[in-house]
Amino acid sequence: MKGLRGRLFFSYLLLLLITLGAFAFALIVLLNTRPAPPQASYQRLATIALTSGLRDMTWVRRIAPALSLQQSLRTIGDRLDDEAEQQGVRIMLVGMPNRIVLHDSAGRLQPGEQLRGNFENYIIPAQLLRNLIAQFRALVGSYFDDGEEWVFVGLESFMLRGETYYLFYAEPRQRQSLQDALSEFGTELLPVIGQAALSGLIVAALLAVVISRSIARPLQTVAEAAAKVVSGQGTHQVPVEGPHEVRAVAEAFNKMAAEVQQ
């Protein structure tokens, strides 16, 4: 009956492996579709804001006095569209503190719309401020546009006709790659998965032993009784125990033994 016990053990082991595999697959899919932490996007957008944004601010201060407000905004919008295309980002001109969009390089938010989202103050990393003397007010956060999440860095850029304007540099929020997810959570997940696998092996071995005994012991009793009948040592009734199928075998043997005895 060792073969039965081994087959049961490997059956439970296969079931365990399939379960762990399904769990691992679901976990990988979940981690791979998880939004990436925004800090890397913030730093990348801040770098663009401190270069492109500063050039725009200097340019606006130079041309604004000679133009009307509408002409200034139209000219600024054209310049921001060019910058957005060159930098590969979305740039919005936003009036603060009411967060009113005056221009969107993507053309998805119309002038006069309010930019709704999560906003918080942002301290620009020191390494990005090298060789810059001025201090800048900055914001970071995210907003949703047609179901897509965008992250942004907003830099206080200039004042025009007594109003404060921010330039918002935005990009779609990145999805976390599997490699990044594993590097972030791998050290925590691997011990848990290892412990689960070890526990599963122990449970599989115990189940194989218990269930094989419940099947093997009654069958072994029937086999021994049948051997005695064959060797002419008389007939013996065997206990009717175990699973339904094993009980059926014992009952059939007892019936046969009774008929042989008669």
# chains A, B, ... in the order shown; residues from 1 in each chain; ligands from 1
call {"tool": "residues_around", "arguments": {"residues": "Thr47 in chain A", "least_positions_apart": "2", "cutoff": "12 Å", "atoms": "only C-alpha atoms", "output": "JSON, numbers by chain"}}
result
{"A": [40, 41, 42, 43, 44, 45, 49, 50, 51, 52, 53, 54, 87, 89, 124, 125, 126, 127, 128, 129, 130, 152, 153, 154, 155, 169]}
call {"tool": "residues_around", "arguments": {"residues": "Pro111 in chain A", "least_positions_apart": "4", "cutoff": "12 Å", "atoms": "only C-alpha atoms", "output": "VMD selection string"}}
result
chain A and resid 70 73 to 74 77 92 to 95 99 to 107 115
call {"tool": "write_last_selection", "arguments": {"atoms": "all heavy atoms", "output": "short mmCIF file (atom, residue, chain, number, x, y, z; two decimals), in the first residue's frame"}}
result
data_model
loop_
_atom_site.label_atom_id
_atom_site.label_comp_id
_atom_site.auth_asym_id
_atom_site.auth_seq_id
_atom_site.Cartn_x
_atom_site.Cartn_y
_atom_site.Cartn_z
N GLN A 70 -5.54 89.07 -23.21
CA GLN A 70 -5.91 88.00 -24.12
C GLN A 70 -4.78 87.66 -25.08
O GLN A 70 -4.50 86.49 -25.36
CB GLN A 70 -7.17 88.37 -24.90
CG GLN A 70 -8.44 88.46 -24.05
CD GLN A 70 -8.75 87.14 -23.35
OE1 GLN A 70 -8.60 86.08 -23.93
NE2 GLN A 70 -9.19 87.23 -22.11
N LEU A 73 -2.11 85.73 -23.13
CA LEU A 73 -2.47 84.33 -22.87
C LEU A 73 -2.40 83.50 -24.15
O LEU A 73 -1.96 82.35 -24.12
CB LEU A 73 -3.86 84.26 -22.25
CG LEU A 73 -4.01 84.86 -20.85
CD1 LEU A 73 -5.46 84.79 -20.39
CD2 LEU A 73 -3.12 84.14 -19.86
N ARG A 74 -2.81 84.09 -25.28
CA ARG A 74 -2.77 83.36 -26.54
C ARG A 74 -1.32 83.09 -26.95
O ARG A 74 -0.98 81.98 -27.38
CB ARG A 74 -3.48 84.17 -27.62
CG ARG A 74 -3.67 83.39 -28.92
CD ARG A 74 -4.40 84.22 -29.97
NE ARG A 74 -5.65 84.75 -29.47
CZ ARG A 74 -5.88 86.04 -29.25
NH1 ARG A 74 -4.94 86.94 -29.46
NH2 ARG A 74 -7.05 86.43 -28.80
N GLY A 77 0.14 80.49 -24.67
CA GLY A 77 -0.37 79.16 -25.02
C GLY A 77 0.38 78.56 -26.20
O GLY A 77 0.72 77.38 -26.19
N MET A 92 0.06 72.92 -18.58
CA MET A 92 -1.15 73.71 -18.38
C MET A 92 -0.80 75.01 -17.67
O MET A 92 0.05 75.03 -16.76
CB MET A 92 -2.18 72.94 -17.56
CG MET A 92 -2.77 71.75 -18.28
SD MET A 92 -3.92 70.80 -17.23
CE MET A 92 -2.75 70.05 -16.10
N LEU A 93 -1.43 76.07 -18.10
CA LEU A 93 -1.32 77.35 -17.43
C LEU A 93 -2.53 77.49 -16.51
O LEU A 93 -3.67 77.44 -16.98
CB LEU A 93 -1.28 78.49 -18.45
CG LEU A 93 -1.21 79.90 -17.89
CD1 LEU A 93 0.08 80.13 -17.11
CD2 LEU A 93 -1.33 80.93 -19.02
N VAL A 94 -2.28 77.62 -15.22
CA VAL A 94 -3.36 77.59 -14.23
C VAL A 94 -3.28 78.82 -13.35
O VAL A 94 -2.21 79.15 -12.80
CB VAL A 94 -3.27 76.32 -13.36
CG1 VAL A 94 -4.40 76.28 -12.34
CG2 VAL A 94 -3.31 75.07 -14.23
N GLY A 95 -4.40 79.51 -13.22
CA GLY A 95 -4.49 80.65 -12.32
C GLY A 95 -4.76 80.20 -10.91
O GLY A 95 -5.66 79.39 -10.67
N ARG A 99 -7.34 77.59 -9.13
CA ARG A 99 -6.99 76.47 -10.01
C ARG A 99 -7.79 76.51 -11.32
O ARG A 99 -8.28 75.49 -11.81
CB ARG A 99 -7.22 75.13 -9.32
CG ARG A 99 -6.53 75.00 -7.98
CD ARG A 99 -6.96 73.72 -7.28
NE ARG A 99 -6.42 73.63 -5.92
CZ ARG A 99 -6.76 72.70 -5.05
NH1 ARG A 99 -7.64 71.77 -5.38
NH2 ARG A 99 -6.23 72.67 -3.83
N ILE A 100 -7.90 77.69 -11.90
CA ILE A 100 -8.62 77.85 -13.14
C ILE A 100 -7.66 77.64 -14.31
O ILE A 100 -6.63 78.31 -14.41
CB ILE A 100 -9.27 79.24 -13.24
CG1 ILE A 100 -10.23 79.45 -12.05
CG2 ILE A 100 -10.01 79.40 -14.55
CD1 ILE A 100 -11.35 78.44 -11.96
N VAL A 101 -8.01 76.72 -15.18
CA VAL A 101 -7.16 76.43 -16.32
C VAL A 101 -7.34 77.51 -17.38
O VAL A 101 -8.46 77.83 -17.79
CB VAL A 101 -7.51 75.05 -16.92
CG1 VAL A 101 -6.69 74.79 -18.19
CG2 VAL A 101 -7.27 73.95 -15.89
N LEU A 102 -6.23 78.10 -17.82
CA LEU A 102 -6.26 79.11 -18.87
C LEU A 102 -5.76 78.54 -20.20
O LEU A 102 -6.11 79.05 -21.26
CB LEU A 102 -5.42 80.32 -18.47
CG LEU A 102 -5.90 81.03 -17.19
CD1 LEU A 102 -4.96 82.14 -16.81
CD2 LEU A 102 -7.31 81.58 -17.38
N HIS A 103 -4.94 77.50 -20.11
CA HIS A 103 -4.48 76.85 -21.34
C HIS A 103 -4.05 75.43 -21.00
O HIS A 103 -3.43 75.17 -19.98
CB HIS A 103 -3.31 77.61 -21.97
CG HIS A 103 -2.86 77.01 -23.26
ND1 HIS A 103 -3.51 77.22 -24.45
CD2 HIS A 103 -1.82 76.16 -23.55
CE1 HIS A 103 -2.91 76.55 -25.42
NE2 HIS A 103 -1.88 75.90 -24.90
N ASP A 104 -4.38 74.51 -21.91
CA ASP A 104 -3.99 73.10 -21.77
C ASP A 104 -3.38 72.68 -23.10
O ASP A 104 -4.06 72.70 -24.13
CB ASP A 104 -5.22 72.25 -21.43
CG ASP A 104 -4.89 70.76 -21.34
OD1 ASP A 104 -3.70 70.39 -21.33
OD2 ASP A 104 -5.84 69.95 -21.28
N SER A 105 -2.11 72.31 -23.07
CA SER A 105 -1.44 71.94 -24.32
C SER A 105 -2.07 70.71 -24.96
O SER A 105 -1.96 70.52 -26.17
CB SER A 105 0.05 71.67 -24.06
OG SER A 105 0.22 70.53 -23.22
N ALA A 106 -2.74 69.86 -24.16
CA ALA A 106 -3.40 68.69 -24.71
C ALA A 106 -4.78 69.02 -25.28
O ALA A 106 -5.37 68.19 -25.99
CB ALA A 106 -3.54 67.61 -23.64
N GLY A 107 -5.31 70.22 -24.96
CA GLY A 107 -6.60 70.62 -25.47
C GLY A 107 -7.77 69.88 -24.86
O GLY A 107 -8.89 69.94 -25.38
N LEU A 115 -9.28 72.92 -12.33
CA LEU A 115 -8.48 71.70 -12.24
C LEU A 115 -8.76 71.06 -10.89
O LEU A 115 -8.39 71.59 -9.84
CB LEU A 115 -6.99 72.02 -12.40
CG LEU A 115 -6.05 70.82 -12.40
CD1 LEU A 115 -6.34 69.90 -13.58
CD2 LEU A 115 -4.60 71.28 -12.45
#
call {"tool": "closest_residue", "arguments": {"among": "A:Arg175, A:Arg108, A:Phe158, A:Asp81", "to": "Asp146 in chain A", "atoms": "only C-alpha atoms"}}
result
A:Arg108
call {"tool": "atom_distance", "arguments": {"atom1": "CA of Glu120 in chain A", "atom2": "CA of Met159 in chain A"}}
result
20.9 Å
